[in-house]
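Engineer: Structure below; questions to follow.
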Number of protein chains: 2
Amino acid sequence: MSNIREVARLAGVSVATVSRAISNPEKVSPISLKKVQQAIDAVDYKPNLLARNFRAARSYCVVVLLPDITNPFFAQVIQSLEDRAQQKGYAVLLGDTRGSNKREDDYISRVEMRLADGVIQLSPCSRNHTQRGAGSIAWVNACGVEGTPGPSVRVDNVAATRSMVEYLIALGHRKFGVVTGLQDNLHSRDRRVGIDLALNKAAIKLDSLWIQEGDFTLRSGISAGEAFASMNKRPTAIICMSDQMAIGVIQALVSRGIRVPEDVSVTGFDDIPYAHCNNPTLTTLSQPAAAIGSTAMDLLLRVINGEELANTEIILPTELIIRQSSKAI
Amino acid sequence: MSNIREVARLAGVSVATVSRAISNPEKVSPISLKKVQQAIDAVDYKPNLLARNFRAARSYCVVVLLPDITNPFFAQVIQSLEDRAQQKGYAVLLGDTRGSNKREDDYISRVEMRLADGVIQLSPCSRNHTQRGAGSIAWVNACGVEGTPGPSVRVDNVAATRSMVEYLIALGHRKFGVVTGLQDNLHSRDRRVGIDLALNKAAIKLDSLWIQEGDFTLRSGISAGEAFASMNKRPTAIICMSDQMAIGVIQALVSRGIRVPEDVSVTGFDDIPYAHCNNPTLTTLSQPAAAIGSTAMDLLLRVINGEELANTEIILPTELIIRQSSKAI
DNA sequence: CATCACAATGTAACCGATTACTCATGCAGC
DNA sequence: GCTGCATGAGTAATCGGTTACATTGTGATG
């Protein structure tokens with residue numbers, strides 16, 4: 001493997017000149033530049049960026065922590081994150097935690113050990129991570145909830161689900177089912193708050209039998225749908241906290257002969273691409289995945305470059321997307 | 001930021017002893033070990049792995065090149081890849097190329113510049129990359145096609161689509177539509193070969209009007225479905241080269257009042273999770289995504305560790321999954 | 001002609017770890 | 001008591017770049 005010293009020798013200049021020829025060509029005479037260029041071509045020299053980064057104490061790498069890359073919503077966010085990262089000369093280390101704290105810690109320690117310059121966390125931060133060094137580590141939260149410490153970008157989950165429930169109430173619904181995320185997930189909490197706000201205002205009570213706990217996946221949606229299908233009395237509208245779960249719920253209901261939306265309306269959250277390819281197409285709350293991704297990356301790069309963003313919180317808009325899976329009672 | 005010298009000073013030992021205490025504790029006396037441990041705790045020392053890796057000339061990072069992370073099939077593969085990588089102490093750099101050769105080259109150059117130890121390419125290699133150093137770069141192809149140079153893991157695309165067409169012929173179908181990937185994509189070619197083999201054997205001709213070019217995405221499936229919907233004469237079965245396209249095709253057909261499978265059967269390829277949550281559920285060819293991922297990572301790590309695998313080719317089985325979207329004529 | 005500014009280049013320290021090599025010490029065996 | 005060996009620990013070179021600082025040469029200016 002050729003290194004800078006070999007190039008210098010071949011070009012008849014010093015290593016400093018070679019280094020400058022590569023990173024500050026304007027500081028090198030045209031003659032030297034040409035000699036260096038020829039030597040580089042001759043030995044097919046590629047600078048060792050591991051060495052460069054080591055010297056610069058920068059890895060030009062960021063970790064993206066997410067619970068599940070197979071969730072199309074996250075896939076969209078990470079695609080946009082990565083776009084922006086690439087534009088700025090950064091690479092994205094995939095940190096699919098699958099809900100494991102140990103894996104999350106492993107990835108965070110990569111930053112502490114300088115293999116990455118920062119972390120973007122694509123989920124609410126459930127653990128108290130201030131003590132884990134959110135102070136010392138460049139850290140941005142995306143897709144989180146109200147009250148997240150540090151810089152963050154998110155949507156207003158409370159207002160979003162509230163608008164969904166208000167819409168359903170306007171359609172005449174009074175009996176609601178809810179499919180939540182895991183109980184200790186903060187998304188579940190915020191989205192539930194929005195639901196309760198709208199229900200309380202309309203003086204509607206939520207039957208606890210009709211609250212099913214899921215984990216945002218298709219599979220858990222199917223289970224919840226089966227649970228609803230096997231009930232004697234059913235809600236007229238089921239609000240799901242993710243599109244994946246909504247699609248699962250619909251699948252389970254339909255396969256048991258319960259029609260959506262004729263017998264029951266079902267709504268989702270996220271507006272993943274499959275939402276408008278489902279049959280029936282899915283009424284849902286659209287999150288701006290691409291904007292969340294690029295904004296989060298921009299924030300993180302600013303933090304990495306030393307800007308003091310403290311608790312900068314960027315809130316992006318959701319949109320109620322009305323499709324076939326909901327109808328008036 | 002504390003470094004090894006500071007720990008050594010604090011512990012009253014040499015840097016060599018600290019280094020050994022961390023990586024070869026059995027070579028250090030219990031007394032020194034304890035002093036070092038205390039010093040490490042005292043200054044909250046984290047070894048700089050960037051320095052370590054530089055010294056070792058290893059990045060413990062691999063690049064995964066894929067065309068589109070929002071395709072759930074790739075998401076599943078990469079999840080399994082990453083699992084295995086993490087087990088072995090490696091990290092996964094996400095290389096979503098979105099079909100851009102420039103981006104692909106950017107990622108490959110990260111390996112040449114030692115920021116990554118190897119590449120797993122999750123798509124057929126379309127360009128002649130032997131000259132790009134598939135010889136010098138640790139490189140494994142996954143999800144490719146017959147005749148890929150270097151180590152690879154894949155399914156038999158020809159046999160798979162052939163079995164699908166044979167199944168449809170057995171159901172009585174004679175008029176076939178096909179939704180392909182991009183024309184120059186090698187998957188399209190192989191899968192087409194399988195289709196043609198089965199059709200030729202049954203002496204069935206393919207009408208070129210019924211061959212639609214897509215790009216494996218939902219969107220392109222919708223376009224293809226619209227094209228079929230607007231035809232006067234339609235095939236009785238549409239074979240799609242990805243589940244995403246099949247779901248898009250079904251969506252477009254159904255929204256124009258064409259029933260699936262009563263009016264037309266539609267089949268996919270991949271068996272993504274949405275395939276069995278679609279309405280109708282999708283008849284498709286299942287690829288072992290998780291096995292592909294872990295096998296590819298295992299292969300790559302062997303190559304990185306100097307094993308000579310040459311043209312090792314691992315072929316994993318597909319399975320014909322019959323669901324609701326196909327029926328006898 | 002002396003002085004100075006500036007451009008181009010070279011020398012060598014440096015980043016933070018690992019590790020080959022050296023050295024000191026202690027103990028067993030004769 | 002001497003030799004030989006094992007063990008533990010220290011010294012310093014090393015990885016491949018970057019860059020502060022030193023040096024040289026050139027041309028402009030008074």
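Residues in the structure tokens are numbered from 1 in each chain, the chains being A, B, ... in the order shown, and ligands are numbered from 1 in the order shown.
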Chain C near chain A within 12 Å: what's each residue's closest atom pair and its distance in Å to one decimal, counting only C-alpha atoms (C1' of nucleotides), ordered by chain then ascending residue number, as CSV?

Structural biologist:
```
residue,atom,partner,partner_atom,distance
C:DA7,C1',A:Lys27,CA,8.4
C:DA8,C1',A:Val28,CA,6.7
C:DT9,C1',A:Thr17,CA,7.0
C:DG10,C1',A:Ser14,CA,6.3
C:DT11,C1',A:Ser14,CA,9.1
C:DA12,C1',A:Ala16,CA,10.6
C:DC14,C1',A:Arg55,CA,8.5
C:DC15,C1',A:Arg55,CA,4.9
C:DG16,C1',A:Phe54,CA,8.6
C:DA17,C1',A:Phe54,CA,10.5
```

Engineer: If you run DSSP on the backbone, which residues of region 148-224 of chain B are alpha helix (DSSP H), as a ChimeraX atom specification?

Structural biologist: /B:157-170,186-201,218-224

Engineer: Using all C-alpha atoms paired in order, least-squares fit chain B onto chain A and give me the moved copy as a tab-separated table (two decimals) with C-alpha atoms, in the first residue's frame.

Structural biologist:
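The result, written out as superposed-v8.tsv:
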```tsv
chain	number	residue	atom	x	y	z
B	1	MET	CA	-0.12	0.00	0.01
B	2	SER	CA	1.35	3.28	-1.04
B	3	ASN	CA	1.60	6.09	1.45
B	4	ILE	CA	2.39	9.73	1.37
B	5	ARG	CA	6.11	9.15	1.90
B	6	GLU	CA	6.33	6.99	-1.16
B	7	VAL	CA	4.57	9.62	-3.22
B	8	ALA	CA	6.93	12.26	-1.86
B	9	ARG	CA	9.98	10.18	-2.70
B	10	LEU	CA	8.74	9.51	-6.20
B	11	ALA	CA	7.86	13.14	-6.81
B	12	GLY	CA	11.15	14.31	-5.35
B	13	VAL	CA	9.46	16.55	-2.80
B	14	SER	CA	8.75	16.40	0.91
B	15	VAL	CA	5.71	14.81	2.50
B	16	ALA	CA	4.56	18.24	3.55
B	17	THR	CA	4.41	19.32	-0.06
B	18	VAL	CA	2.41	16.26	-1.02
B	19	SER	CA	0.02	16.89	1.82
B	20	ARG	CA	-0.39	20.49	0.79
B	21	ALA	CA	-0.78	19.54	-2.84
B	22	ILE	CA	-3.78	17.47	-1.83
B	23	SER	CA	-5.51	19.70	0.64
B	24	ASN	CA	-4.22	23.19	-0.21
B	25	PRO	CA	-3.10	23.09	-3.82
B	26	GLU	CA	-2.97	26.89	-4.00
B	27	LYS	CA	-0.03	26.84	-1.61
B	28	VAL	CA	2.07	24.73	-3.92
B	29	SER	CA	3.87	25.80	-7.07
B	30	PRO	CA	2.46	24.49	-10.34
B	31	ILE	CA	5.67	22.58	-10.94
B	32	SER	CA	5.52	20.70	-7.66
B	33	LEU	CA	1.81	20.18	-8.09
B	34	LYS	CA	2.40	18.47	-11.37
B	35	LYS	CA	5.16	16.27	-10.04
B	36	VAL	CA	3.00	15.26	-7.11
B	37	GLN	CA	0.05	14.56	-9.35
B	38	GLN	CA	2.13	12.34	-11.54
B	39	ALA	CA	3.52	10.46	-8.57
B	40	ILE	CA	0.00	9.99	-7.19
B	41	ASP	CA	-1.16	8.60	-10.48
B	42	ALA	CA	1.90	6.42	-10.84
B	43	VAL	CA	1.38	4.54	-7.59
B	44	ASP	CA	-2.40	4.98	-7.50
B	45	TYR	CA	-2.12	6.68	-4.15
B	46	LYS	CA	-5.22	7.03	-1.97
B	47	PRO	CA	-4.75	9.02	1.21
B	48	ASN	CA	-5.42	7.03	4.35
B	49	LEU	CA	-8.38	8.84	5.80
B	50	LEU	CA	-8.20	6.78	8.94
B	51	ALA	CA	-4.87	8.47	9.61
B	52	ARG	CA	-6.17	11.85	8.58
B	53	ASN	CA	-9.23	11.58	10.77
B	54	PHE	CA	-7.19	10.34	13.67
B	55	ARG	CA	-4.93	13.33	13.38
B	56	ALA	CA	-7.90	15.66	13.09
B	57	ALA	CA	-9.68	13.87	15.95
B	58	ARG	CA	-12.78	13.67	13.80
B	59	SER	CA	-14.38	10.60	12.36
B	60	TYR	CA	-16.79	12.30	9.98
B	61	CYS	CA	-19.27	9.66	10.95
B	62	VAL	CA	-22.52	9.94	12.86
B	63	VAL	CA	-24.53	7.23	14.54
B	64	VAL	CA	-28.25	7.06	13.86
B	65	LEU	CA	-30.06	5.23	16.61
B	66	LEU	CA	-33.45	3.86	15.66
B	67	PRO	CA	-35.69	1.15	17.01
B	68	ASP	CA	-36.44	-0.63	13.76
B	69	ILE	CA	-35.18	0.01	10.27
B	70	THR	CA	-37.91	-2.15	8.74
B	71	ASN	CA	-40.47	0.48	9.70
B	72	PRO	CA	-40.84	2.40	6.42
B	73	PHE	CA	-41.22	5.65	8.29
B	74	PHE	CA	-37.75	5.34	9.77
B	75	ALA	CA	-36.41	4.16	6.46
B	76	GLN	CA	-37.63	7.39	4.89
B	77	VAL	CA	-36.15	9.50	7.63
B	78	ILE	CA	-32.80	7.80	7.46
B	79	GLN	CA	-32.70	8.09	3.70
B	80	SER	CA	-33.05	11.82	4.00
B	81	LEU	CA	-30.58	11.98	6.89
B	82	GLU	CA	-28.06	10.12	4.82
B	83	ASP	CA	-28.59	12.37	1.83
B	84	ARG	CA	-27.75	15.40	3.89
B	85	ALA	CA	-24.87	13.66	5.62
B	86	GLN	CA	-23.31	12.71	2.34
B	87	GLN	CA	-23.64	16.28	1.07
B	88	LYS	CA	-21.68	17.44	4.08
B	89	GLY	CA	-19.00	14.79	3.90
B	90	TYR	CA	-20.34	12.66	6.69
B	91	ALA	CA	-21.22	8.98	6.76
B	92	VAL	CA	-24.08	7.35	8.60
B	93	LEU	CA	-23.52	4.43	10.94
B	94	LEU	CA	-26.66	2.40	11.23
B	95	GLY	CA	-27.66	1.84	14.85
B	96	ASP	CA	-30.72	-0.36	14.78
B	97	THR	CA	-31.28	-1.01	18.48
B	98	ARG	CA	-34.40	-3.16	18.24
B	99	GLY	CA	-35.32	-1.79	21.60
B	100	SER	CA	-32.24	-3.15	23.33
B	101	ASN	CA	-30.60	-0.81	25.81
B	102	LYS	CA	-27.37	-2.72	25.54
B	103	ARG	CA	-27.17	-2.19	21.81
B	104	GLU	CA	-28.00	1.45	22.27
B	105	ASP	CA	-25.18	1.80	24.78
B	106	ASP	CA	-22.81	0.02	22.44
B	107	TYR	CA	-23.52	2.57	19.78
B	108	ILE	CA	-23.25	5.49	22.12
B	109	SER	CA	-19.90	4.25	23.30
B	110	ARG	CA	-18.68	4.42	19.73
B	111	VAL	CA	-19.02	8.16	20.04
B	112	GLU	CA	-17.24	8.24	23.38
B	113	MET	CA	-14.45	6.24	21.80
B	114	ARG	CA	-14.31	8.68	18.92
B	115	LEU	CA	-15.50	6.38	16.19
B	116	ALA	CA	-18.38	8.73	15.58
B	117	ASP	CA	-18.80	12.45	16.06
B	118	GLY	CA	-22.38	12.46	17.24
B	119	VAL	CA	-25.70	10.74	17.62
B	120	ILE	CA	-29.12	11.23	16.11
B	121	GLN	CA	-31.72	9.36	18.05
B	122	LEU	CA	-34.83	8.57	16.05
B	123	SER	CA	-37.14	7.83	18.93
B	124	PRO	CA	-38.22	9.38	22.17
B	125	CYS	CA	-35.39	9.17	24.68
B	126	SER	CA	-36.82	6.92	27.32
B	127	ARG	CA	-33.86	6.61	29.61
B	128	ASN	CA	-32.34	9.42	31.52
B	129	HIS	CA	-29.48	10.04	29.20
B	130	THR	CA	-28.30	13.35	30.47
B	131	GLN	CA	-25.99	11.47	32.80
B	132	ARG	CA	-24.86	9.32	29.92
B	133	GLY	CA	-23.27	12.40	28.54
B	134	ALA	CA	-25.85	14.04	26.37
B	135	GLY	CA	-23.92	17.02	27.68
B	136	SER	CA	-20.57	15.85	26.41
B	137	ILE	CA	-21.77	13.99	23.33
B	138	ALA	CA	-23.12	15.79	20.28
B	139	TRP	CA	-26.66	14.56	20.41
B	140	VAL	CA	-29.86	15.39	18.54
B	141	ASN	CA	-33.23	13.86	19.11
B	142	ALA	CA	-35.61	13.43	16.21
B	143	CYS	CA	-39.11	12.01	16.31
B	144	GLY	CA	-39.21	12.56	20.04
B	145	VAL	CA	-41.70	14.13	22.37
B	146	GLU	CA	-42.29	17.31	24.30
B	147	GLY	CA	-39.75	17.99	27.00
B	148	THR	CA	-36.83	16.16	25.41
B	149	PRO	CA	-33.61	17.72	26.65
B	150	GLY	CA	-31.13	19.04	24.09
B	151	PRO	CA	-31.64	19.98	20.45
B	152	SER	CA	-34.53	18.18	18.82
B	153	VAL	CA	-36.84	18.07	15.87
B	154	ARG	CA	-40.27	16.55	16.10
B	155	VAL	CA	-43.94	16.92	15.38
B	156	ASP	CA	-46.62	17.89	17.84
B	157	ASN	CA	-47.97	14.47	18.67
B	158	VAL	CA	-50.59	15.79	21.03
B	159	ALA	CA	-52.09	18.20	18.53
B	160	ALA	CA	-51.89	15.61	15.77
B	161	THR	CA	-53.86	12.84	17.47
B	162	ARG	CA	-56.20	15.43	18.87
B	163	SER	CA	-57.06	16.61	15.38
B	164	MET	CA	-57.59	13.03	14.30
B	165	VAL	CA	-60.03	12.33	17.10
B	166	GLU	CA	-61.84	15.60	16.49
B	167	TYR	CA	-62.23	14.61	12.87
B	168	LEU	CA	-63.65	11.21	13.85
B	169	ILE	CA	-66.01	12.79	16.36
B	170	ALA	CA	-67.20	15.15	13.66
B	171	LEU	CA	-67.98	12.04	11.59
B	172	GLY	CA	-70.25	10.93	14.38
B	173	HIS	CA	-68.04	8.40	16.12
B	174	ARG	CA	-68.44	7.98	19.87
B	175	LYS	CA	-67.05	4.53	20.52
B	176	PHE	CA	-63.29	4.50	20.10
B	177	GLY	CA	-60.67	1.82	20.15
B	178	VAL	CA	-56.99	2.68	20.49
B	179	VAL	CA	-53.93	0.69	19.53
B	180	THR	CA	-50.99	2.17	21.37
B	181	GLY	CA	-47.26	1.64	21.26
B	182	LEU	CA	-45.54	0.05	24.21
B	183	GLN	CA	-46.80	1.41	27.47
B	184	ASP	CA	-43.55	3.07	28.51
B	185	ASN	CA	-42.94	4.56	25.08
B	186	LEU	CA	-43.25	8.31	25.23
B	187	HIS	CA	-44.92	8.52	21.84
B	188	SER	CA	-47.71	6.41	23.25
B	189	ARG	CA	-48.02	8.83	26.12
B	190	ASP	CA	-48.13	12.01	24.03
B	191	ARG	CA	-50.44	10.61	21.41
B	192	ARG	CA	-52.68	9.34	24.14
B	193	VAL	CA	-52.78	12.78	25.69
B	194	GLY	CA	-54.01	14.21	22.39
B	195	ILE	CA	-56.69	11.55	22.14
B	196	ASP	CA	-57.85	12.18	25.68
B	197	LEU	CA	-57.96	15.92	25.20
B	198	ALA	CA	-60.34	15.58	22.27
B	199	LEU	CA	-62.44	12.91	23.95
B	200	ASN	CA	-62.75	14.84	27.20
B	201	LYS	CA	-63.84	17.91	25.36
B	202	ALA	CA	-66.63	15.89	23.80
B	203	ALA	CA	-67.34	14.14	27.08
B	204	ILE	CA	-66.62	10.74	25.60
B	205	LYS	CA	-65.20	7.97	27.74
B	206	LEU	CA	-62.66	5.44	26.54
B	207	ASP	CA	-63.47	1.83	27.37
B	208	SER	CA	-60.30	0.22	28.73
B	209	LEU	CA	-61.19	-3.04	26.97
B	210	TRP	CA	-60.79	-1.20	23.72
B	211	ILE	CA	-57.26	-0.09	24.44
B	212	GLN	CA	-54.78	-2.51	22.95
B	213	GLU	CA	-51.06	-2.29	23.52
B	214	GLY	CA	-48.87	-2.84	20.47
B	215	ASP	CA	-45.30	-1.98	19.54
B	216	PHE	CA	-45.77	-0.07	16.29
B	217	THR	CA	-45.16	-3.16	14.12
B	218	LEU	CA	-47.41	-4.84	11.57
B	219	ARG	CA	-47.41	-7.97	13.68
B	220	SER	CA	-48.70	-6.24	16.77
B	221	GLY	CA	-51.35	-4.56	14.65
B	222	ILE	CA	-52.55	-7.95	13.50
B	223	SER	CA	-52.78	-9.15	17.11
B	224	ALA	CA	-54.72	-6.08	18.11
B	225	GLY	CA	-57.03	-6.49	15.13
B	226	GLU	CA	-57.68	-10.11	16.08
B	227	ALA	CA	-58.50	-9.01	19.59
B	228	PHE	CA	-61.04	-6.50	18.28
B	229	ALA	CA	-62.45	-9.03	15.84
B	230	SER	CA	-63.15	-11.53	18.60
B	231	MET	CA	-65.08	-9.04	20.72
B	232	ASN	CA	-68.85	-9.06	20.99
B	233	LYS	CA	-69.05	-5.32	21.09
B	234	ARG	CA	-66.66	-3.29	19.06
B	235	PRO	CA	-65.77	0.38	18.74
B	236	THR	CA	-66.84	2.16	15.58
B	237	ALA	CA	-63.41	3.70	15.10
B	238	ILE	CA	-59.97	2.37	15.92
B	239	ILE	CA	-57.15	4.86	16.27
B	240	CYS	CA	-53.72	3.33	15.74
B	241	MET	CA	-50.50	5.02	16.74
B	242	SER	CA	-48.70	3.87	13.61
B	243	ASP	CA	-49.63	3.08	10.03
B	244	GLN	CA	-48.04	-0.31	10.33
B	245	MET	CA	-50.35	-1.25	13.15
B	246	ALA	CA	-53.34	0.20	11.33
B	247	ILE	CA	-52.57	-1.91	8.28
B	248	GLY	CA	-52.22	-4.96	10.51
B	249	VAL	CA	-55.49	-4.19	12.26
B	250	ILE	CA	-57.31	-3.82	8.96
B	251	GLN	CA	-55.85	-7.05	7.68
B	252	ALA	CA	-57.00	-8.93	10.78
B	253	LEU	CA	-60.47	-7.39	10.70
B	254	VAL	CA	-61.05	-7.88	7.00
B	255	SER	CA	-59.87	-11.47	7.06
B	256	ARG	CA	-62.53	-12.13	9.70
B	257	GLY	CA	-65.24	-10.55	7.63
B	258	ILE	CA	-65.40	-7.21	9.37
B	259	ARG	CA	-65.52	-4.47	6.80
B	260	VAL	CA	-63.39	-1.33	6.92
B	261	PRO	CA	-64.67	1.38	6.94
B	262	GLU	CA	-68.30	0.19	6.71
B	263	ASP	CA	-68.24	-1.65	10.04
B	264	VAL	CA	-65.37	0.14	11.65
B	265	SER	CA	-63.13	3.03	10.74
B	266	VAL	CA	-59.38	2.60	11.24
B	267	THR	CA	-56.77	5.35	11.26
B	268	GLY	CA	-53.00	5.37	11.36
B	269	PHE	CA	-50.07	7.67	12.05
B	270	ASP	CA	-47.02	8.46	9.87
B	271	ASP	CA	-48.35	8.26	6.31
B	272	ILE	CA	-45.89	5.68	5.08
B	273	PRO	CA	-46.03	4.90	1.36
B	274	TYR	CA	-48.11	1.78	2.00
B	275	ALA	CA	-50.83	3.90	3.59
B	276	HIS	CA	-52.10	4.99	0.20
B	277	CYS	CA	-51.60	1.57	-1.35
B	278	ASN	CA	-53.58	-0.23	1.26
B	279	ASN	CA	-57.07	-1.46	0.47
B	280	PRO	CA	-58.87	0.52	1.81
B	281	THR	CA	-56.41	3.40	1.61
B	282	LEU	CA	-55.53	4.62	5.05
B	283	THR	CA	-56.68	7.77	6.79
B	284	THR	CA	-53.67	8.91	8.73
B	285	LEU	CA	-51.51	11.72	10.07
B	286	SER	CA	-48.67	12.58	7.78
B	287	GLN	CA	-45.29	13.26	9.28
B	288	PRO	CA	-42.71	15.09	7.12
B	289	ALA	CA	-40.15	12.29	7.17
B	290	ALA	CA	-37.71	13.88	4.75
B	291	ALA	CA	-37.77	17.24	6.51
B	292	ILE	CA	-37.29	15.57	9.87
B	293	GLY	CA	-34.24	13.75	8.56
B	294	SER	CA	-32.50	16.66	6.93
B	295	THR	CA	-33.29	19.03	9.78
B	296	ALA	CA	-31.96	16.60	12.35
B	297	MET	CA	-28.74	16.16	10.42
B	298	ASP	CA	-28.32	19.90	10.05
B	299	LEU	CA	-28.80	20.37	13.76
B	300	LEU	CA	-26.31	17.67	14.61
B	301	LEU	CA	-23.65	19.05	12.31
B	302	ARG	CA	-24.08	22.43	13.95
B	303	VAL	CA	-23.62	20.90	17.37
B	304	ILE	CA	-20.57	18.99	16.19
B	305	ASN	CA	-19.11	22.22	14.90
B	306	GLY	CA	-19.41	23.72	18.32
B	307	GLU	CA	-22.57	25.77	18.09
B	308	GLU	CA	-24.42	26.06	21.33
B	309	LEU	CA	-27.96	25.00	20.54
B	310	ALA	CA	-29.01	24.08	24.08
B	311	ASN	CA	-32.67	23.18	23.94
B	312	THR	CA	-33.40	24.27	20.39
B	313	GLU	CA	-36.61	22.52	19.49
B	314	ILE	CA	-37.92	22.48	15.95
B	315	ILE	CA	-41.51	21.45	15.51
B	316	LEU	CA	-42.64	20.43	12.05
B	317	PRO	CA	-46.27	20.22	10.95
B	318	THR	CA	-48.33	17.08	10.60
B	319	GLU	CA	-51.23	16.85	8.24
B	320	LEU	CA	-54.46	14.95	8.55
B	321	ILE	CA	-54.77	12.82	5.43
B	322	ILE	CA	-58.29	11.61	4.88
B	323	ARG	CA	-58.64	8.48	2.79
B	324	GLN	CA	-60.95	5.50	2.57
B	325	SER	CA	-60.43	3.76	5.88
B	326	SER	CA	-62.59	6.21	7.81
B	327	LYS	CA	-66.18	7.20	7.19
B	328	ALA	CA	-69.13	8.82	8.89
B	329	ILE	CA	-71.14	6.56	11.11
```

Engineer: If we count only C-alpha atoms (C1' of nucleotides), what is near DA13 (chain D) at a cut-off of 12 Å, once residues fewer than 2 positions away on the same chain are taken out, given as an MDAnalysis selection string?

Structural biologist: (chainID C and resid 18:21) or (chainID D and resid 11 15)

Engineer: Write out as CSV a residue-level contact list of chain D versus chain B with cut-off 10 Å: for each qualifying residue the closest pair of atoms and the distance in Å to one decimal, counting only C-alpha atoms (C1' of nucleotides), rows sorted by chain and residue number upward.

Structural biologist:
```
residue,atom,partner,partner_atom,distance
D:DT7,C1',B:Lys27,CA,8.7
D:DG8,C1',B:Val28,CA,6.7
D:DA9,C1',B:Thr17,CA,6.8
D:DG10,C1',B:Ser14,CA,6.3
D:DT11,C1',B:Ser14,CA,9.2
D:DT14,C1',B:Arg55,CA,8.4
D:DC15,C1',B:Arg55,CA,4.9
D:DG16,C1',B:Phe54,CA,8.6
```

Engineer: In Å, with one decimal, what is the gap from C1' of DG17 (chain D) to C1' of DC6 (chain C)?

Structural biologist: 27.3 Å

Engineer: Could you list, as a ChimeraX atom specification, every residue within 12 Å of DT3 (chain C), counting only C-alpha atoms (C1' of nucleotides) and ignoring same-chain residues fewer than 2 positions away?

Structural biologist: /C:1,5 /D:28-30

Engineer: Could you save the residues just selected, with C-alpha atoms (C1' of nucleotides), as a CSV table (one decimal), in the first residue's frame?

Structural biologist:
```csv
chain,number,residue,atom,x,y,z
C,1,DC,C1',22.8,47.8,-2.3
C,5,DA,C1',7.7,41.0,2.4
D,28,DA,C1',10.0,45.2,-4.9
D,29,DT,C1',11.3,49.3,-2.5
D,30,DG,C1',13.8,53.1,-0.5
```

Engineer: Got a sec to tell me which of region 22-195 of chain B DSSP assigns to strand (DSSP E), as a PyMOL selection string?

Structural biologist: chain B and resi 61-66+91-96+118-122+139-142+152-155+176-180

Engineer: Output C-alpha atoms of each residue in that selection to a file, as an mmCIF file, in the first residue's frame.

Structural biologist:
```
data_model
loop_
_atom_site.group_PDB
_atom_site.id
_atom_site.type_symbol
_atom_site.label_atom_id
_atom_site.label_comp_id
_atom_site.auth_asym_id
_atom_site.auth_seq_id
_atom_site.Cartn_x
_atom_site.Cartn_y
_atom_site.Cartn_z
ATOM 1 C CA CYS B 61 -16.558 -0.952 9.619
ATOM 2 C CA VAL B 62 -18.167 -2.320 6.482
ATOM 3 C CA VAL B 63 -20.092 -0.492 3.808
ATOM 4 C CA VAL B 64 -23.433 -1.893 2.720
ATOM 5 C CA LEU B 65 -24.364 -0.684 -0.729
ATOM 6 C CA LEU B 66 -28.042 -0.890 -1.565
ATOM 7 C CA ALA B 91 -20.280 -1.523 12.380
ATOM 8 C CA VAL B 92 -22.378 -1.003 9.285
ATOM 9 C CA LEU B 93 -22.040 2.110 7.166
ATOM 10 C CA LEU B 94 -25.222 2.727 5.279
ATOM 11 C CA GLY B 95 -24.604 3.194 1.566
ATOM 12 C CA ASP B 96 -27.956 3.962 0.014
ATOM 13 C CA GLY B 118 -15.068 -4.131 2.924
ATOM 14 C CA VAL B 119 -18.228 -3.854 0.913
ATOM 15 C CA ILE B 120 -21.440 -5.826 0.758
ATOM 16 C CA GLN B 121 -23.383 -4.975 -2.333
ATOM 17 C CA LEU B 122 -27.084 -5.692 -2.038
ATOM 18 C CA TRP B 139 -16.207 -7.445 -1.595
ATOM 19 C CA VAL B 140 -19.265 -9.666 -1.296
ATOM 20 C CA ASN B 141 -22.305 -9.568 -3.479
ATOM 21 C CA ALA B 142 -25.695 -10.415 -2.034
ATOM 22 C CA SER B 152 -21.746 -14.056 -3.362
ATOM 23 C CA VAL B 153 -24.966 -15.171 -1.806
ATOM 24 C CA ARG B 154 -28.205 -15.134 -3.721
ATOM 25 C CA VAL B 155 -31.313 -17.017 -4.697
ATOM 26 C CA PHE B 176 -49.557 -13.000 -18.908
ATOM 27 C CA GLY B 177 -48.513 -9.503 -18.046
ATOM 28 C CA VAL B 178 -45.086 -8.784 -16.598
ATOM 29 C CA VAL B 179 -43.882 -5.833 -14.571
ATOM 30 C CA THR B 180 -40.107 -5.824 -14.717
#
```

Engineer: Quick check, in Å to one decimal: how far apart do C1' of DA13 (chain C) and C1' of DA20 (chain D) lie?

Structural biologist: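 Answer for the C1' of DA13 (chain C) to C1' of DA20 (chain D) separation: 8.7 Å.
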